[in-house]
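Since the structure comes first, as structure tokens, the remarks are kept for the end.
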Amino acid sequence: MAPPRRRCAYVTPSPPSARVRAPHLAASGGWLNTDHPLTLASLRGRFVLLDFWTFCCANCLHVIDELRPLERRYGDILTVVGVHSPKFAHEADPAAVAAAIERYEVEHPVLLDPELLLWRQYAVRAWPTLVLIDPEGYVVAHAAGEGQSSALDAMIAALAIEHEARGTLRRGATPHIPVHSATSALRFPAKAVLLPAARTGRDDDTILVADAGHHQIVELALDARTEVRRIGTGDRGRRDGRADGAEFAEPNGLALLPAGAAPYDVVAADTANHILRGIRLSDGAVTTIDLPGLLEGARTVTGPVPRVLSPWDVAWWPALDRLVVAAAGVHLLISVDLHAGTATVLAGTSVEGLRDGEALDGWLAQPSGLAADGDRMWFVDAETSSLRWLGIEGQLHTCVGEGLFDFGLVDGPADVARLQHPLGVTASGDGSVVVLDTYNGAVRRWDGIALSTLATGLAEPSGALMVRGDLVVVESGAHRLVRPAPLAGSVNGIAEHTNRPATSLAPGGITLNVIFTPPAGRCLDERYGPATQLTVSASPPELLRDGAGTTSELTRHLIVDSSVPEGVLHVSAQAASCDNDRAVEHPACYLARQDWGVPVTIADDGTRSLELALLDAR
């Protein structure tokens with residue numbers, strides 16, 4: 001029997017005349033995490049890796065974690081520069097970026113690009129995007145999405161040998177000045193739940209808080225200040241065991257389970273570890289619930305569920321008798337049967353966007369907060385600034401929200417109301433829901449007819465709970481829990497739109513090409529099926545007359561409708577490459593993945609080709 005076929009693709013280095021000189025680091029903002037501005041001239045002799053990111057983007061946060069080993073390994077020859085190119089108005093505030101740098105423990109210089117000037121210079125089309133510049137100042141790789149660090153590692157290792165031999169490599173550390181806030185009992189707390197005294201054995205109810213910045217779970221008295229106990233060492237990590245020895249990584253959501261539902265009482269979304277953790281209230285013992293493992297083999301209509309999930313919130317849904325997980329990193333709602341030890345997809349296709357209807361054919365965009373209320377599971381989709389709900393019958397509905405690039409601070413009925421990157425939602429018990437409108441610094445209320453504002457002036461509120469009739473808000477950016485003062489009157493702000501440059505397409509036939517060139521020593525391995533996948537759709541759907549759907553080829557012929565003047569092309573691509581070592585039976589393999597939301601306009605003088613680089617090695 002013939003061995004399975006392997007298809008390989010190699011990178012041939014471009015001749016010097018074909019190389020592209022990297023544009024200067026000229027952005028519209030200043031620098032953070034460094035005591036002086038950096039220039040490519042001052043960094044000559046070192047590799048420079050530009051990371052175009054924005055702190056609202058869960059996939060950008062994944063990349064920050066992916067780059068940590070790369071920064072440690074090549075610290076003497078590599079300078080990583082984060083280029084912060086904001087999507088939302090709040091993210092253009094330097095103080096908010098500084099807080100995000102601290103929250104996510106970014107350890108490299110960050111250049112602020114609030115007007116997307118450098119974004120345009122480097123032809124960036126999506127968050128996150130990585131650009132590798134060699135020691136002579138030439139662009140040698142352009143990569144979008146997650147899963148690219150191993151390819152970049154291989155490129156740097158190979159190119160370092162060449163530049164060392166030519167004498168063009170310079171070694172030395174890149175200093176950075178860490179951003180630090182004042183010491184506080186809580187540090188970027190995320191969400192909280194009420195613990196009834198009957199479940200803890202204490203004299204009174206208490207509040208359990210996910211203290212994300214301290215990588216701990218903290219129990220507080222009802223005054224929301226007095227500390228009862230801490231669970232976790234405070235070190236970023238992944239370790240089970242006793243309360244004083246367990247480790248978390250940026251825990252966010254918390255859910256109190258019904259008594260007897262599991263060997264633990266509370267489930268925490270251990271966000272940066274991409275898993276769930278069970279916590280026993282009697283002694284604080286922590287155990288791992290391997291969510292990626294439970295989803296092994298699970299699929300959506302676009303393919304297998306990725307393992308890098310970023311579970312942002314969890315909630316028990318009595319009507320379903322299941323735990324629901326808001327998997328922000330893959331744009332899905334997931335159901336977990338704790339008794340059977342299984343998990344299934346409840347809603348979403350992994351395509352980032354806003355589309356209602358059949359849950360398993362719908363689009364979500366970083367679901368980040370959950371609240372069960374009877375036959376409804378309420379959730380907020382952060383990237384579409386929307387309030388939505390999933391019915392027990394399996395249908396998705398949107399109350400507030402328009403799309404990936406529409407936001408604002410506006411009260412009123414659904415057709416005018418606007419939010420800005422909400423991260424939390426709480427059922428109030430009277431049929432209405434409270435929305436934590438995070439980037440507007442506001443607490444909002446949806447009563448089924450209109451959106452109103454309960455409080456403003458808060459620092460990134462991300463969660464809330466009802467405590468004996470009072471609303472207690474997790475004010476993440478101020479490192480505390482508060483009972484906000486009510487606001488009199490409505491908010492009449494403006495509806496805003498993300499200022500991203502649109503691509504002008506000609507009406508009719510368009511060629512879409514997603515570039516993926518594996519680094520030297522890697523190949524596309526098709527022994528077990530196609531190594532690549534491309535999914536294309538549009539908002540509104542009428543924008544595409546032909547070409548929507550999923551195929552294994554990274555090139556697609558599209559037909560756009562001239563009667564639709566503008567819209568968004570949703571493109572999702574992934575490619576698996578493996579080490580090309582024929583002597584190894586099971587070579588190491590790597591998955592690169594990216595979603596693009598490409599704003600487009602239709603014009604007679606528009607282009608008839610659209611290129612997106614998943615990995616362009618030059």
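Chain labels follow the order of the structure tokens: the first chain is A, the next B, and so on; residue numbering restarts at 1 in every chain, and ligands are counted from 1 in their shown order.
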
Which neighbours of Arg187 (chain A) fall inside 7 Å, counting only C-alpha atoms, when residues of the same chain fewer than 5 positions from it are skipped, and could you give them as a list in words?
-> Asp211, Ala212, Gly213, His214 and His479 of chain A

Show which residues sit within 8 Å of region 569-574 of chain A, as a PyMOL selection string. Count only C-alpha atoms, and ignore same-chain residues fewer than 2 positions away.
-> chain A and resi 351-353+514+532-539+554+567+576+591-600+614

Pull N, CA, C and O atoms from the residues just selected and write them as an mmCIF file, in the first residue's frame.
data_model
loop_
_atom_site.group_PDB
_atom_site.id
_atom_site.type_symbol
_atom_site.label_atom_id
_atom_site.label_comp_id
_atom_site.auth_asym_id
_atom_site.auth_seq_id
_atom_site.Cartn_x
_atom_site.Cartn_y
_atom_site.Cartn_z
ATOM 1 N N VAL A 351 -16.918 31.930 12.975
ATOM 2 C CA VAL A 351 -16.812 33.151 12.174
ATOM 3 C C VAL A 351 -17.181 34.329 13.061
ATOM 4 O O VAL A 351 -18.189 34.292 13.780
ATOM 5 N N GLU A 352 -16.366 35.384 13.047
ATOM 6 C CA GLU A 352 -16.597 36.553 13.887
ATOM 7 C C GLU A 352 -17.539 37.520 13.177
ATOM 8 O O GLU A 352 -17.246 38.020 12.096
ATOM 9 N N GLY A 353 -18.689 37.771 13.796
ATOM 10 C CA GLY A 353 -19.651 38.686 13.209
ATOM 11 C C GLY A 353 -20.950 38.658 13.988
ATOM 12 O O GLY A 353 -21.017 38.143 15.107
ATOM 13 N N VAL A 514 -5.440 34.185 -0.227
ATOM 14 C CA VAL A 514 -4.823 34.192 1.089
ATOM 15 C C VAL A 514 -3.445 33.547 0.962
ATOM 16 O O VAL A 514 -3.320 32.384 0.565
ATOM 17 N N THR A 532 -5.253 23.115 4.461
ATOM 18 C CA THR A 532 -5.707 24.502 4.493
ATOM 19 C C THR A 532 -7.230 24.557 4.402
ATOM 20 O O THR A 532 -7.877 23.626 3.911
ATOM 21 N N GLN A 533 -7.776 25.693 4.868
ATOM 22 C CA GLN A 533 -9.222 25.895 4.808
ATOM 23 C C GLN A 533 -9.520 27.382 4.710
ATOM 24 O O GLN A 533 -8.865 28.205 5.355
ATOM 25 N N LEU A 534 -10.502 27.719 3.887
ATOM 26 C CA LEU A 534 -10.898 29.107 3.690
ATOM 27 C C LEU A 534 -12.414 29.211 3.744
ATOM 28 O O LEU A 534 -13.122 28.483 3.043
ATOM 29 N N THR A 535 -12.911 30.114 4.603
ATOM 30 C CA THR A 535 -14.346 30.365 4.726
ATOM 31 C C THR A 535 -14.604 31.831 4.415
ATOM 32 O O THR A 535 -13.929 32.712 4.950
ATOM 33 N N VAL A 536 -15.567 32.097 3.551
ATOM 34 C CA VAL A 536 -15.882 33.464 3.131
ATOM 35 C C VAL A 536 -17.382 33.707 3.287
ATOM 36 O O VAL A 536 -18.201 32.856 2.923
ATOM 37 N N SER A 537 -17.749 34.865 3.837
ATOM 38 C CA SER A 537 -19.139 35.299 3.921
ATOM 39 C C SER A 537 -19.129 36.825 3.911
ATOM 40 O O SER A 537 -18.071 37.451 3.810
ATOM 41 N N ALA A 538 -20.299 37.434 4.031
ATOM 42 C CA ALA A 538 -20.367 38.890 3.926
ATOM 43 C C ALA A 538 -21.503 39.444 4.765
ATOM 44 O O ALA A 538 -22.482 38.770 5.060
ATOM 45 N N SER A 539 -21.340 40.704 5.172
ATOM 46 C CA SER A 539 -22.405 41.490 5.795
ATOM 47 C C SER A 539 -22.546 42.778 4.981
ATOM 48 O O SER A 539 -21.577 43.530 4.860
ATOM 49 N N LEU A 554 -6.981 28.130 -0.772
ATOM 50 C CA LEU A 554 -6.814 29.474 -0.228
ATOM 51 C C LEU A 554 -7.010 30.565 -1.273
ATOM 52 O O LEU A 554 -6.772 31.736 -0.998
ATOM 53 N N GLY A 567 -19.928 47.198 2.571
ATOM 54 C CA GLY A 567 -20.191 46.096 3.488
ATOM 55 C C GLY A 567 -18.899 45.581 4.074
ATOM 56 O O GLY A 567 -17.861 46.256 4.030
ATOM 57 N N ALA A 576 -2.242 24.254 8.299
ATOM 58 C CA ALA A 576 -1.425 23.406 9.166
ATOM 59 C C ALA A 576 -0.143 23.039 8.434
ATOM 60 O O ALA A 576 -0.183 22.517 7.318
ATOM 61 N N LEU A 591 -0.596 25.044 13.690
ATOM 62 C CA LEU A 591 -1.788 25.576 13.033
ATOM 63 C C LEU A 591 -1.778 27.094 13.106
ATOM 64 O O LEU A 591 -1.714 27.685 14.180
ATOM 65 N N ALA A 592 -1.823 27.737 11.944
ATOM 66 C CA ALA A 592 -1.967 29.192 11.852
ATOM 67 C C ALA A 592 -3.414 29.488 11.487
ATOM 68 O O ALA A 592 -3.988 28.829 10.609
ATOM 69 N N ARG A 593 -3.998 30.503 12.155
ATOM 70 C CA ARG A 593 -5.420 30.783 11.934
ATOM 71 C C ARG A 593 -5.683 32.274 12.075
ATOM 72 O O ARG A 593 -5.099 32.931 12.934
ATOM 73 N N GLN A 594 -6.569 32.807 11.224
ATOM 74 C CA GLN A 594 -6.924 34.222 11.323
ATOM 75 C C GLN A 594 -8.316 34.461 10.748
ATOM 76 O O GLN A 594 -8.740 33.805 9.799
ATOM 77 N N ASP A 595 -9.036 35.398 11.382
ATOM 78 C CA ASP A 595 -10.301 35.913 10.864
ATOM 79 C C ASP A 595 -10.076 37.357 10.440
ATOM 80 O O ASP A 595 -9.484 38.143 11.180
ATOM 81 N N TRP A 596 -10.544 37.716 9.267
ATOM 82 C CA TRP A 596 -10.504 39.102 8.797
ATOM 83 C C TRP A 596 -11.930 39.616 8.647
ATOM 84 O O TRP A 596 -12.791 38.920 8.081
ATOM 85 N N GLY A 597 -12.185 40.805 9.119
ATOM 86 C CA GLY A 597 -13.395 41.527 8.768
ATOM 87 C C GLY A 597 -12.948 42.703 7.919
ATOM 88 O O GLY A 597 -12.447 43.695 8.448
ATOM 89 N N VAL A 598 -13.060 42.590 6.616
ATOM 90 C CA VAL A 598 -12.492 43.576 5.697
ATOM 91 C C VAL A 598 -13.588 44.534 5.232
ATOM 92 O O VAL A 598 -14.468 44.138 4.456
ATOM 93 N N PRO A 599 -13.573 45.796 5.694
ATOM 94 C CA PRO A 599 -14.546 46.759 5.179
ATOM 95 C C PRO A 599 -14.280 47.015 3.694
ATOM 96 O O PRO A 599 -13.137 47.233 3.297
ATOM 97 N N VAL A 600 -15.332 46.985 2.895
ATOM 98 C CA VAL A 600 -15.155 47.194 1.469
ATOM 99 C C VAL A 600 -16.213 48.175 0.951
ATOM 100 O O VAL A 600 -17.299 48.306 1.506
ATOM 101 N N LEU A 614 -1.748 35.328 5.406
ATOM 102 C CA LEU A 614 -1.749 34.525 6.622
ATOM 103 C C LEU A 614 -0.307 34.336 7.079
ATOM 104 O O LEU A 614 0.012 34.507 8.247
#

Between A:Val110, A:Gly509, A:Ala27, A:Ala588, which one has atoms that come closest to Asp561 (chain A), using only C-alpha atoms?
-> A:Gly509

May I have all residues of region 420-543 of chain A that DSSP, computed from the backbone, assigns to strand (DSSP E), given as number ranges by chain?
-> A: 424-427, 433-437, 442-446, 450-455, 461-467, 470-475, 480-482, 492-497, 503-505, 508-516, 522-524, 532-539

Selection file, C-alpha atoms, as a PDB file, in the first residue's frame:
ATOM      1  CA  GLY A 424     -20.731  41.709  31.402  1.00  0.00           C
ATOM      2  CA  VAL A 425     -24.464  41.145  31.782  1.00  0.00           C
ATOM      3  CA  THR A 426     -26.577  40.382  34.851  1.00  0.00           C
ATOM      4  CA  ALA A 427     -30.216  39.355  35.163  1.00  0.00           C
ATOM      5  CA  VAL A 433     -30.951  42.810  32.343  1.00  0.00           C
ATOM      6  CA  VAL A 434     -28.074  45.009  33.448  1.00  0.00           C
ATOM      7  CA  VAL A 435     -25.269  45.462  30.900  1.00  0.00           C
ATOM      8  CA  LEU A 436     -21.739  46.377  31.931  1.00  0.00           C
ATOM      9  CA  ASP A 437     -20.871  48.766  29.112  1.00  0.00           C
ATOM     10  CA  ALA A 442     -21.245  52.824  32.172  1.00  0.00           C
ATOM     11  CA  VAL A 443     -23.923  50.556  33.599  1.00  0.00           C
ATOM     12  CA  ARG A 444     -26.905  50.169  31.243  1.00  0.00           C
ATOM     13  CA  ARG A 445     -30.328  48.502  31.526  1.00  0.00           C
ATOM     14  CA  TRP A 446     -32.345  46.744  28.826  1.00  0.00           C
ATOM     15  CA  ALA A 450     -35.244  50.276  25.236  1.00  0.00           C
ATOM     16  CA  LEU A 451     -31.740  50.726  26.608  1.00  0.00           C
ATOM     17  CA  SER A 452     -31.240  53.198  29.467  1.00  0.00           C
ATOM     18  CA  THR A 453     -28.230  54.253  31.535  1.00  0.00           C
ATOM     19  CA  LEU A 454     -28.036  53.586  35.275  1.00  0.00           C
ATOM     20  CA  ALA A 455     -24.545  54.952  36.014  1.00  0.00           C
ATOM     21  CA  PRO A 461     -16.890  47.880  34.632  1.00  0.00           C
ATOM     22  CA  SER A 462     -16.857  44.213  33.638  1.00  0.00           C
ATOM     23  CA  GLY A 463     -19.232  42.353  35.957  1.00  0.00           C
ATOM     24  CA  ALA A 464     -22.028  42.853  38.467  1.00  0.00           C
ATOM     25  CA  LEU A 465     -24.206  40.976  40.940  1.00  0.00           C
ATOM     26  CA  MET A 466     -27.291  41.660  43.025  1.00  0.00           C
ATOM     27  CA  VAL A 467     -26.624  41.752  46.789  1.00  0.00           C
ATOM     28  CA  ASP A 470     -28.353  46.410  45.630  1.00  0.00           C
ATOM     29  CA  LEU A 471     -26.350  46.300  42.430  1.00  0.00           C
ATOM     30  CA  VAL A 472     -22.650  45.708  43.130  1.00  0.00           C
ATOM     31  CA  VAL A 473     -20.387  46.406  40.148  1.00  0.00           C
ATOM     32  CA  VAL A 474     -16.920  45.021  39.475  1.00  0.00           C
ATOM     33  CA  GLU A 475     -15.042  48.186  38.492  1.00  0.00           C
ATOM     34  CA  ARG A 480     -12.549  47.430  43.321  1.00  0.00           C
ATOM     35  CA  LEU A 481     -16.191  46.518  43.752  1.00  0.00           C
ATOM     36  CA  VAL A 482     -18.619  49.453  44.095  1.00  0.00           C
ATOM     37  CA  ASN A 492     -27.860  60.984  24.269  1.00  0.00           C
ATOM     38  CA  GLY A 493     -24.404  60.439  22.874  1.00  0.00           C
ATOM     39  CA  ILE A 494     -23.531  59.662  19.285  1.00  0.00           C
ATOM     40  CA  ALA A 495     -23.369  56.481  17.270  1.00  0.00           C
ATOM     41  CA  GLU A 496     -19.783  55.858  16.143  1.00  0.00           C
ATOM     42  CA  HIS A 497     -18.044  53.706  13.572  1.00  0.00           C
ATOM     43  CA  THR A 503     -10.832  48.442   0.372  1.00  0.00           C
ATOM     44  CA  SER A 504     -12.423  49.551  -2.881  1.00  0.00           C
ATOM     45  CA  LEU A 505     -13.549  46.565  -4.974  1.00  0.00           C
ATOM     46  CA  GLY A 508     -18.388  41.777 -10.583  1.00  0.00           C
ATOM     47  CA  GLY A 509     -15.587  39.216 -10.392  1.00  0.00           C
ATOM     48  CA  ILE A 510     -12.915  39.469  -7.669  1.00  0.00           C
ATOM     49  CA  THR A 511     -10.016  37.115  -6.947  1.00  0.00           C
ATOM     50  CA  LEU A 512      -9.368  36.550  -3.239  1.00  0.00           C
ATOM     51  CA  ASN A 513      -5.976  35.069  -2.411  1.00  0.00           C
ATOM     52  CA  VAL A 514      -4.823  34.192   1.089  1.00  0.00           C
ATOM     53  CA  ILE A 515      -1.040  33.863   1.095  1.00  0.00           C
ATOM     54  CA  PHE A 516       0.538  31.118   3.181  1.00  0.00           C
ATOM     55  CA  ARG A 522       8.113  22.973   6.961  1.00  0.00           C
ATOM     56  CA  CYS A 523       5.525  21.581   4.583  1.00  0.00           C
ATOM     57  CA  LEU A 524       1.773  21.435   4.170  1.00  0.00           C
ATOM     58  CA  THR A 532      -5.707  24.502   4.493  1.00  0.00           C
ATOM     59  CA  GLN A 533      -9.222  25.895   4.808  1.00  0.00           C
ATOM     60  CA  LEU A 534     -10.898  29.107   3.690  1.00  0.00           C
ATOM     61  CA  THR A 535     -14.346  30.365   4.726  1.00  0.00           C
ATOM     62  CA  VAL A 536     -15.882  33.464   3.131  1.00  0.00           C
ATOM     63  CA  SER A 537     -19.139  35.299   3.921  1.00  0.00           C
ATOM     64  CA  ALA A 538     -20.367  38.890   3.926  1.00  0.00           C
ATOM     65  CA  SER A 539     -22.405  41.490   5.795  1.00  0.00           C
TER      66      SER A 539
END

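Of the residues listed (A:Gly284, A:Leu333, A:Asn273, A:Ala617), A:Leu333 shows the shortest atom-to-atom separation from Thr300 (chain A); distances use only C-alpha atoms.
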
Nearest to Thr551 (chain A), restricted to only C-alpha atoms and choosing among A:Leu257, A:Val301, A:Leu152, A:Leu364, comes out as A:Val301

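Residues in contact with Glu219 (chain A) at 7 Å, where only C-alpha atoms are counted and same-chain residues fewer than 2 positions away are skipped, are listed as Thr206, Ile207, Leu208, Val209, Ile217, Glu227, Val228, Arg229 and Arg230 of chain A.
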
Can you pull out every residue within 12 Å of Ala285 (chain A), counting only C-alpha atoms, but drop anything in the same chain fewer than 6 positions away, and send it as a PDB file with C-alpha atoms, in the first residue's frame?
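Output file result.pdb is given in full below:
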ATOM      1  CA  ILE A 217      -9.882  33.930  43.420  1.00  0.00           C
ATOM      2  CA  ARG A 230      -7.640  33.915  48.852  1.00  0.00           C
ATOM      3  CA  ILE A 231      -7.403  30.904  46.585  1.00  0.00           C
ATOM      4  CA  GLY A 232      -4.213  30.623  44.539  1.00  0.00           C
ATOM      5  CA  ARG A 239      -1.490  23.986  39.048  1.00  0.00           C
ATOM      6  CA  ASP A 240      -4.210  22.136  40.932  1.00  0.00           C
ATOM      7  CA  GLY A 241      -4.301  21.392  44.625  1.00  0.00           C
ATOM      8  CA  ARG A 242      -4.845  23.199  47.891  1.00  0.00           C
ATOM      9  CA  ALA A 243      -6.026  26.775  48.074  1.00  0.00           C
ATOM     10  CA  ASP A 244      -2.560  28.016  49.026  1.00  0.00           C
ATOM     11  CA  GLY A 245      -0.794  26.089  46.249  1.00  0.00           C
ATOM     12  CA  ALA A 246      -3.057  26.354  43.217  1.00  0.00           C
ATOM     13  CA  GLU A 247      -2.212  28.592  40.259  1.00  0.00           C
ATOM     14  CA  PRO A 263     -17.432  17.372  43.186  1.00  0.00           C
ATOM     15  CA  TYR A 264     -16.803  21.131  43.387  1.00  0.00           C
ATOM     16  CA  ASP A 265     -19.082  24.091  44.029  1.00  0.00           C
ATOM     17  CA  VAL A 266     -17.806  26.868  41.753  1.00  0.00           C
ATOM     18  CA  VAL A 267     -16.438  26.844  38.207  1.00  0.00           C
ATOM     19  CA  ARG A 277     -11.248  25.169  37.116  1.00  0.00           C
ATOM     20  CA  GLY A 278     -13.477  23.575  39.745  1.00  0.00           C
ATOM     21  CA  ILE A 279     -13.273  25.090  43.254  1.00  0.00           C
TER      22      ILE A 279
END

Near Asp76 (chain A), counting only C-alpha atoms, which residues have an atom at most 7 Å away, once you skip same-chain residues fewer than 5 positions from it, shown as a VMD selection string?
-> chain A and resid 171 to 173

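Straight-line separation from CA of Pro318 (chain A) to CA of Asp373 (chain A): 8.8 Å.
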
Test item: residues at most 9 Å from Ile133 (chain A), only C-alpha atoms, excluding those fewer than 4 positions along its chain, as a PyMOL selection string = chain A and resi 21-22+46-50+137-141

Residues within 12 Å of Met377 (chain A), only C-alpha atoms, excluding chain neighbours under 5 positions, as a ChimeraX atom specification = /A:314-320,322-326,333-335,346-347,367,369-372,387-398,425-427,433

So that I have them on file, write out the residues from the current selection with C-alpha atoms, as a tab-separated table (two decimals), in the first residue's frame.
chain	number	residue	atom	x	y	z
A	314	VAL	CA	-19.31	30.75	32.70
A	315	ALA	CA	-22.92	30.43	33.87
A	316	TRP	CA	-25.17	27.61	35.04
A	317	TRP	CA	-28.32	27.36	32.90
A	318	PRO	CA	-30.99	25.54	34.96
A	319	ALA	CA	-33.33	25.25	31.95
A	320	LEU	CA	-30.66	23.23	30.12
A	322	ARG	CA	-25.72	22.49	31.83
A	323	LEU	CA	-22.80	24.82	32.36
A	324	VAL	CA	-22.48	27.37	29.54
A	325	VAL	CA	-19.11	28.82	28.56
A	326	ALA	CA	-18.54	32.05	26.63
A	333	LEU	CA	-21.03	29.41	23.25
A	334	ILE	CA	-20.24	25.96	24.61
A	335	SER	CA	-22.34	23.60	26.74
A	346	LEU	CA	-24.30	25.59	21.60
A	347	ALA	CA	-23.99	28.56	19.26
A	367	PRO	CA	-18.95	36.53	23.77
A	369	GLY	CA	-20.50	37.85	29.64
A	370	LEU	CA	-23.37	35.44	30.44
A	371	ALA	CA	-26.58	35.53	32.49
A	372	ALA	CA	-29.23	32.80	32.59
A	387	LEU	CA	-26.60	42.47	23.75
A	388	ARG	CA	-27.97	39.13	22.58
A	389	TRP	CA	-29.73	36.03	23.86
A	390	LEU	CA	-29.93	32.35	23.02
A	391	GLY	CA	-33.29	30.65	23.44
A	392	ILE	CA	-33.61	27.16	24.82
A	393	GLU	CA	-35.02	26.16	21.42
A	394	GLY	CA	-31.68	27.02	19.75
A	395	GLN	CA	-32.31	30.41	18.16
A	396	LEU	CA	-30.08	33.50	18.42
A	397	HIS	CA	-31.59	36.96	18.90
A	398	THR	CA	-30.04	40.46	19.07
A	425	VAL	CA	-24.46	41.14	31.78
A	426	THR	CA	-26.58	40.38	34.85
A	427	ALA	CA	-30.22	39.35	35.16
A	433	VAL	CA	-30.95	42.81	32.34

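Counting from CA of Ala502 (chain A), the distance to CA of Leu423 (chain A) is 27.3 Å.
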
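Remark: for Pro251 (chain A), the closest of the candidate residues A:Ala190, A:Val330, A:Ile289, A:Ala414 is A:Ala190 (distances computed over only C-alpha atoms).
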